[in-house]
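Asks: Below you will find the structure I want to go over with you.
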Amino acid sequence: MTIRRARGPEDSGVTVRDRLIEAGLGPNFADLFLNMPHKVVHVEPRRPFREPGAPRDEVMLVRSGILAKFKSDGSGRRQIVSLRFPGEGILPHEGTADYGLQAIIRSEVLVGRAEDFDAIVNANPEVARFFWKLVQRQNAIGYEWLVNTGRRDSTARVAHLLCETAVRMGVDVSQGSMMNPFTQQQIADITGQTSVNVNRVFADLERQGLIHRRGREIQFKDWNELRRVGGFQPGYLQ
């Protein structure tokens with residue numbers, strides 16, 4: 001198999017407009033949304049972008065990178081509960097949020113006011129239906145993550161995350177490889193285990209011939225078997 005250069009979420013060459021249209025939003029409505037007053041925020045991964053308890057009177061759209069929602073338990077241990085890839089966003093809601101936001105890698109996020117977003121949605125039922133569909137998709141992803149951390153073993157959890165990440169990044173697994181955007185600690189925070197155990201899982205996946213690592217680059221040597229090990233069925237991402 002010919003291996004092309006690994007691709008990360010920051011260098012896909014696909015614009016936010018492209019991703020919105022690909023997800024089902026009409027071109028004119030995509031332009032309307034992107035022309036809404038907003039600021040571009042460069043988010044570094046070393047500290048939270050929004051702390052838990054902050055108001056959510058804003059709409060966010062990831063232009064590049066990956067944004068994570070996280071929550072902490074009583075002892076300060078963090079669990080990453082959701083991810084947003086380029087073209088995906090976080091909608092406003094009343095009051096404050098009980099989760100924080102932090103970048104997985106250096107990211108660019110478009111941030112607009114809730115009142116401007118609401119005005120567009122209220123005036124355009126097609127836009128409202130589009131974002132309702134996205135909410136349903138995120139719910140489906142959340143249910144799959146709940147099964148992943150609650151029922152699958154440690155190897156299956158990591159395998160499932162790798163498969164989902166490849167699909168959400170638009171990686172052609174038959175022709176290329178993926179630049180792993182996560183640190184081992186971030187994978188541990190997503191899959192509910194320790195970073196030491198994540199390292200063991202990666203070594204085991206390599207011993208089984210499912211992946212090959214070269215630095216941060218991951219080559220999928222047996223995609224179908226990796227899917228089987230992770231119990232990954234991509235229908236919930238549609």
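Labels for the structure tokens follow display order: chains A, B, ..., residues from 1 in each chain, ligands from 1.
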Set out as JSON lines a contact list for segment 96-143 of chain A and segment 166-182 of chain A with a cut-off of 12 Å, giving each residue of segment 96-143 of chain A that qualifies its closest atom pair and distance in Å to one decimal, counting only C-alpha atoms, ordered by chain and rising residue number.
Replies:
```
{"residue": "A:Ala103", "atom": "CA", "partner": "A:Phe182", "partner_atom": "CA", "distance": 10.5}
{"residue": "A:Ile104", "atom": "CA", "partner": "A:Phe182", "partner_atom": "CA", "distance": 6.7}
{"residue": "A:Ile105", "atom": "CA", "partner": "A:Pro181", "partner_atom": "CA", "distance": 6.7}
{"residue": "A:Arg106", "atom": "CA", "partner": "A:Pro181", "partner_atom": "CA", "distance": 10.0}
{"residue": "A:Ser107", "atom": "CA", "partner": "A:Pro181", "partner_atom": "CA", "distance": 11.4}
{"residue": "A:Ile141", "atom": "CA", "partner": "A:Arg168", "partner_atom": "CA", "distance": 11.1}
```
Asks: Please produce a file of those selected residues containing C-alpha atoms, as a compact mmCIF listing (two decimals), in the first residue's frame.
Replies:
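Below is the file that was written, out.txt:
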```
# COMPACT_ATOMS: atom_id res chain seq x y z
CA ALA A 103 -8.01 23.09 22.67
CA ILE A 104 -6.49 19.68 21.93
CA ILE A 105 -3.99 21.30 19.58
CA ARG A 106 -3.49 24.93 18.54
CA SER A 107 -6.86 25.92 17.11
CA ILE A 141 -21.69 10.64 19.38
```
Asks: Segment 6-188 of chain A: which residues are strand (DSSP E) by DSSP, as a ChimeraX atom specification?
Replies: /A:38-43,58-64,67-72,78-84,89-90,100-103,107-113,177-179
Asks: Keeping only C-alpha atoms, write the selected residues as an mmCIF file, in the first residue's frame.
Replies:
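Resulting contents of again-v9.cif:
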```cif
data_model
loop_
_atom_site.group_PDB
_atom_site.id
_atom_site.type_symbol
_atom_site.label_atom_id
_atom_site.label_comp_id
_atom_site.auth_asym_id
_atom_site.auth_seq_id
_atom_site.Cartn_x
_atom_site.Cartn_y
_atom_site.Cartn_z
ATOM 1 C CA HIS A 38 -17.559 37.424 14.792
ATOM 2 C CA LYS A 39 -13.975 37.378 15.976
ATOM 3 C CA VAL A 40 -11.290 34.815 15.241
ATOM 4 C CA VAL A 41 -9.668 33.502 18.419
ATOM 5 C CA HIS A 42 -6.369 31.588 18.401
ATOM 6 C CA VAL A 43 -6.587 29.016 21.175
ATOM 7 C CA GLU A 58 -21.908 32.988 22.281
ATOM 8 C CA VAL A 59 -21.729 30.651 19.317
ATOM 9 C CA MET A 60 -18.442 29.001 18.359
ATOM 10 C CA LEU A 61 -17.278 27.351 15.159
ATOM 11 C CA VAL A 62 -13.940 25.554 14.874
ATOM 12 C CA ARG A 63 -12.016 26.752 11.817
ATOM 13 C CA SER A 64 -8.904 24.643 12.452
ATOM 14 C CA LEU A 67 -11.746 21.898 20.661
ATOM 15 C CA ALA A 68 -12.694 19.716 23.653
ATOM 16 C CA LYS A 69 -15.404 19.962 26.273
ATOM 17 C CA PHE A 70 -14.228 18.751 29.681
ATOM 18 C CA LYS A 71 -15.543 18.194 33.189
ATOM 19 C CA SER A 72 -13.703 17.431 36.413
ATOM 20 C CA ARG A 78 -10.489 15.629 34.153
ATOM 21 C CA GLN A 79 -12.732 13.789 31.715
ATOM 22 C CA ILE A 80 -12.988 14.986 28.109
ATOM 23 C CA VAL A 81 -16.657 14.514 27.257
ATOM 24 C CA SER A 82 -16.863 15.808 23.687
ATOM 25 C CA LEU A 83 -14.755 16.991 20.745
ATOM 26 C CA ARG A 84 -15.335 19.539 18.005
ATOM 27 C CA GLY A 89 -19.408 24.162 16.593
ATOM 28 C CA ILE A 90 -20.845 24.822 20.021
ATOM 29 C CA GLY A 100 -15.040 23.872 30.295
ATOM 30 C CA LEU A 101 -13.467 24.238 26.860
ATOM 31 C CA GLN A 102 -9.848 23.589 25.934
ATOM 32 C CA ALA A 103 -8.011 23.091 22.668
ATOM 33 C CA SER A 107 -6.855 25.919 17.106
ATOM 34 C CA GLU A 108 -8.695 28.787 15.469
ATOM 35 C CA VAL A 109 -12.249 29.366 16.642
ATOM 36 C CA LEU A 110 -14.840 31.759 15.226
ATOM 37 C CA VAL A 111 -16.778 33.313 18.114
ATOM 38 C CA GLY A 112 -20.005 35.267 17.574
ATOM 39 C CA ARG A 113 -22.750 36.674 19.762
ATOM 40 C CA SER A 177 -2.149 7.793 7.446
ATOM 41 C CA MET A 178 -3.240 10.109 10.203
ATOM 42 C CA MET A 179 -1.304 12.562 12.321
#
```
Asks: Would you compute the distance between atom CA of Gly192 of chain A and atom CA of Pro45 of chain A? Give it in Å to one decimal.
Replies: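 We find that atom CA of Gly192 of chain A and atom CA of Pro45 of chain A lie 19.7 Å from each other.
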Asks: Write out as a PyMOL selection string the set of residues from segment 3-234 of chain A that DSSP, computed on the backbone, places in alpha helix (DSSP H).
Replies: chain A and resi 16-22+27-34+114-123+125-151+154-168+184-191+195-207+223-230
Asks: Tell me which protein, DNA and RNA residues are within 9 Å of Val158 of chain A, counting only C-alpha atoms, leaving out same-chain ones fewer than 6 positions away, and put them as a VMD selection string.
Replies: chain A and resid 187 to 188 191 198 201 to 202 230
Asks: For N, CA and C atoms, I'd like the residues from the last selection saved as a compact mmCIF listing (two decimals), in the first residue's frame.
Replies:
```
# COMPACT_ATOMS: atom_id res chain seq x y z
N ILE A 187 -5.77 11.20 25.43
CA ILE A 187 -6.48 9.95 25.13
C ILE A 187 -6.97 9.31 26.42
N ALA A 188 -6.15 9.36 27.46
CA ALA A 188 -6.57 8.83 28.76
C ALA A 188 -7.78 9.59 29.28
N THR A 191 -10.82 8.39 27.19
CA THR A 191 -11.22 6.98 27.31
C THR A 191 -11.32 6.49 28.75
N VAL A 198 -2.67 3.70 28.36
CA VAL A 198 -2.82 4.07 26.95
C VAL A 198 -1.55 3.69 26.18
N VAL A 201 -1.64 0.07 25.49
CA VAL A 201 -2.62 -0.27 24.45
C VAL A 201 -2.04 0.00 23.06
N PHE A 202 -1.37 1.13 22.88
CA PHE A 202 -0.76 1.43 21.58
C PHE A 202 0.27 0.36 21.21
N GLY A 230 -12.42 -2.29 17.94
CA GLY A 230 -13.04 -1.15 18.61
C GLY A 230 -14.56 -1.17 18.59
```
Asks: Just the residues within 10 Å of Asp118 of chain A, please, counting only C-alpha atoms, with nothing from its chain fewer than 4 positions along; format it as a PyMOL selection string.
Replies: chain A and resi 59+91-92+113-114+122-124+128
Asks: Would you compute the distance between atom CA of Leu32 of chain A and atom CA of Ile120 of chain A? Give it in Å to one decimal.
Replies: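 It comes out at 7.9 Å.
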Asks: If you count only C-alpha atoms, which residues fall within 12 Å of Asn224 of chain A, apart from same-chain ones fewer than 5 positions away, as an mmCIF file with all heavy atoms, in the first residue's frame?
Replies:
```cif
data_model
loop_
_atom_site.group_PDB
_atom_site.id
_atom_site.type_symbol
_atom_site.label_atom_id
_atom_site.label_comp_id
_atom_site.auth_asym_id
_atom_site.auth_seq_id
_atom_site.Cartn_x
_atom_site.Cartn_y
_atom_site.Cartn_z
ATOM 1 N N ALA A 159 -8.975 1.915 20.222
ATOM 2 C CA ALA A 159 -9.213 1.581 18.822
ATOM 3 C C ALA A 159 -10.418 2.341 18.288
ATOM 4 O O ALA A 159 -10.401 2.872 17.168
ATOM 5 C CB ALA A 159 -9.420 0.070 18.669
ATOM 6 N N HIS A 160 -11.471 2.405 19.079
ATOM 7 C CA HIS A 160 -12.681 3.130 18.667
ATOM 8 C C HIS A 160 -12.391 4.610 18.487
ATOM 9 O O HIS A 160 -12.836 5.229 17.502
ATOM 10 C CB HIS A 160 -13.786 2.920 19.697
ATOM 11 C CG HIS A 160 -15.130 3.413 19.256
ATOM 12 N ND1 HIS A 160 -15.488 4.744 19.332
ATOM 13 C CD2 HIS A 160 -16.187 2.758 18.713
ATOM 14 C CE1 HIS A 160 -16.720 4.888 18.876
ATOM 15 N NE2 HIS A 160 -17.169 3.705 18.491
ATOM 16 N N CYS A 163 -10.514 5.194 15.229
ATOM 17 C CA CYS A 163 -11.399 5.066 14.075
ATOM 18 C C CYS A 163 -12.296 6.289 13.929
ATOM 19 O O CYS A 163 -12.438 6.835 12.825
ATOM 20 C CB CYS A 163 -12.249 3.801 14.202
ATOM 21 S SG CYS A 163 -11.349 2.241 14.045
ATOM 22 N N VAL A 173 -8.278 6.159 4.821
ATOM 23 C CA VAL A 173 -7.463 5.166 5.521
ATOM 24 C C VAL A 173 -6.880 4.133 4.573
ATOM 25 O O VAL A 173 -5.913 3.447 4.921
ATOM 26 C CB VAL A 173 -8.281 4.474 6.627
ATOM 27 C CG1 VAL A 173 -8.688 5.476 7.701
ATOM 28 C CG2 VAL A 173 -9.507 3.778 6.056
ATOM 29 N N SER A 174 -7.448 3.987 3.375
ATOM 30 C CA SER A 174 -6.913 3.008 2.427
ATOM 31 C C SER A 174 -5.697 3.539 1.690
ATOM 32 O O SER A 174 -4.936 2.770 1.099
ATOM 33 C CB SER A 174 -7.993 2.613 1.418
ATOM 34 O OG SER A 174 -8.323 3.716 0.577
ATOM 35 N N GLY A 209 -0.373 -5.826 14.693
ATOM 36 C CA GLY A 209 -0.277 -5.448 13.288
ATOM 37 C C GLY A 209 -1.424 -4.591 12.793
ATOM 38 O O GLY A 209 -1.671 -4.516 11.583
ATOM 39 N N LEU A 210 -2.117 -3.912 13.710
ATOM 40 C CA LEU A 210 -3.265 -3.086 13.313
ATOM 41 C C LEU A 210 -2.848 -1.679 12.928
ATOM 42 O O LEU A 210 -3.475 -1.061 12.051
ATOM 43 C CB LEU A 210 -4.290 -3.033 14.449
ATOM 44 C CG LEU A 210 -4.793 -4.391 14.950
ATOM 45 C CD1 LEU A 210 -5.870 -4.203 15.997
ATOM 46 C CD2 LEU A 210 -5.324 -5.224 13.789
ATOM 47 N N ILE A 211 -1.826 -1.153 13.598
ATOM 48 C CA ILE A 211 -1.319 0.179 13.296
ATOM 49 C C ILE A 211 0.202 0.146 13.314
ATOM 50 O O ILE A 211 0.820 -0.811 13.812
ATOM 51 C CB ILE A 211 -1.816 1.240 14.311
ATOM 52 C CG1 ILE A 211 -1.251 0.947 15.724
ATOM 53 C CG2 ILE A 211 -3.332 1.328 14.326
ATOM 54 C CD1 ILE A 211 -1.500 2.062 16.735
ATOM 55 N N VAL A 229 -12.028 -4.612 16.439
ATOM 56 C CA VAL A 229 -11.539 -4.560 17.824
ATOM 57 C C VAL A 229 -12.232 -3.435 18.594
ATOM 58 O O VAL A 229 -12.609 -3.587 19.756
ATOM 59 C CB VAL A 229 -10.007 -4.366 17.843
ATOM 60 C CG1 VAL A 229 -9.508 -4.032 19.252
ATOM 61 C CG2 VAL A 229 -9.310 -5.626 17.330
ATOM 62 N N GLY A 230 -12.423 -2.285 17.940
ATOM 63 C CA GLY A 230 -13.045 -1.146 18.611
ATOM 64 C C GLY A 230 -14.560 -1.167 18.593
ATOM 65 O O GLY A 230 -15.198 -0.306 19.217
ATOM 66 N N GLY A 231 -15.154 -2.133 17.883
ATOM 67 C CA GLY A 231 -16.608 -2.153 17.762
ATOM 68 C C GLY A 231 -17.128 -0.905 17.072
ATOM 69 O O GLY A 231 -18.209 -0.398 17.396
ATOM 70 N N PHE A 232 -16.365 -0.404 16.095
ATOM 71 C CA PHE A 232 -16.683 0.872 15.463
ATOM 72 C C PHE A 232 -17.593 0.668 14.258
ATOM 73 O O PHE A 232 -17.222 0.033 13.281
ATOM 74 C CB PHE A 232 -15.394 1.568 15.026
ATOM 75 C CG PHE A 232 -15.626 2.876 14.317
ATOM 76 C CD1 PHE A 232 -16.079 4.003 15.006
ATOM 77 C CD2 PHE A 232 -15.385 3.000 12.947
ATOM 78 C CE1 PHE A 232 -16.295 5.194 14.357
ATOM 79 C CE2 PHE A 232 -15.602 4.197 12.279
ATOM 80 C CZ PHE A 232 -16.054 5.298 12.981
ATOM 81 N N GLN A 233 -18.784 1.233 14.353
ATOM 82 C CA GLN A 233 -19.749 1.269 13.254
ATOM 83 C C GLN A 233 -20.047 2.748 12.986
ATOM 84 O O GLN A 233 -20.673 3.403 13.822
ATOM 85 C CB GLN A 233 -21.035 0.510 13.613
ATOM 86 C CG GLN A 233 -20.816 -0.955 13.927
ATOM 87 C CD GLN A 233 -20.369 -1.768 12.706
ATOM 88 O OE1 GLN A 233 -20.659 -1.410 11.569
ATOM 89 N NE2 GLN A 233 -19.643 -2.845 12.961
#
```
Asks: With distances taken over only C-alpha atoms, which residue among A:Lys221, A:Arg213, A:Arg137, A:Arg157 lies nearest Tyr236 of chain A?
Replies: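 Under the stated criterion, the closest residue is A:Arg137.
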Asks: Which residues come within 9 Å of Ala54 of chain A, counting only C-alpha atoms, excluding same-chain residues fewer than 5 positions away, as JSON, numbers by chain?
Replies: {"A": [95, 96, 97, 98, 99, 100]}
Asks: Based on the selection just made, write all heavy atoms of those residues as a short mmCIF file (atom, residue, chain, number, x, y, z; two decimals), in the first residue's frame.
Replies:
```cif
data_model
loop_
_atom_site.label_atom_id
_atom_site.label_comp_id
_atom_site.auth_asym_id
_atom_site.auth_seq_id
_atom_site.Cartn_x
_atom_site.Cartn_y
_atom_site.Cartn_z
N GLY A 95 -27.89 30.92 30.41
CA GLY A 95 -27.16 30.67 31.65
C GLY A 95 -25.71 30.28 31.42
O GLY A 95 -25.11 30.59 30.40
N THR A 96 -25.16 29.57 32.40
CA THR A 96 -23.77 29.16 32.34
C THR A 96 -23.67 27.68 32.01
O THR A 96 -24.64 26.94 32.14
CB THR A 96 -23.06 29.43 33.68
OG1 THR A 96 -23.73 28.69 34.71
CG2 THR A 96 -23.09 30.91 34.03
N ALA A 97 -22.50 27.26 31.59
CA ALA A 97 -22.27 25.86 31.24
C ALA A 97 -21.49 25.18 32.36
O ALA A 97 -20.62 25.78 32.99
CB ALA A 97 -21.49 25.76 29.94
N ASP A 98 -21.81 23.90 32.59
CA ASP A 98 -21.12 23.15 33.64
C ASP A 98 -19.90 22.42 33.10
O ASP A 98 -19.35 21.56 33.77
CB ASP A 98 -22.06 22.16 34.31
CG ASP A 98 -22.67 21.16 33.33
OD1 ASP A 98 -22.42 21.31 32.11
OD2 ASP A 98 -23.40 20.25 33.78
N TYR A 99 -19.47 22.76 31.89
CA TYR A 99 -18.27 22.17 31.31
C TYR A 99 -17.32 23.29 30.90
O TYR A 99 -17.71 24.43 30.69
CB TYR A 99 -18.63 21.32 30.08
CG TYR A 99 -19.35 22.09 28.98
CD1 TYR A 99 -18.64 22.85 28.04
CD2 TYR A 99 -20.74 22.06 28.89
CE1 TYR A 99 -19.30 23.56 27.05
CE2 TYR A 99 -21.40 22.76 27.90
CZ TYR A 99 -20.68 23.52 26.99
OH TYR A 99 -21.34 24.22 26.01
N GLY A 100 -16.03 22.94 30.80
CA GLY A 100 -15.04 23.87 30.29
C GLY A 100 -14.66 23.53 28.86
O GLY A 100 -15.02 22.47 28.34
#
```
Asks: Which residue, A:Glu94, A:Asp57, A:Glu88, A:Asp73, has the smallest gap to Gln138 of chain A when you use only C-alpha atoms?
Replies: A:Glu88
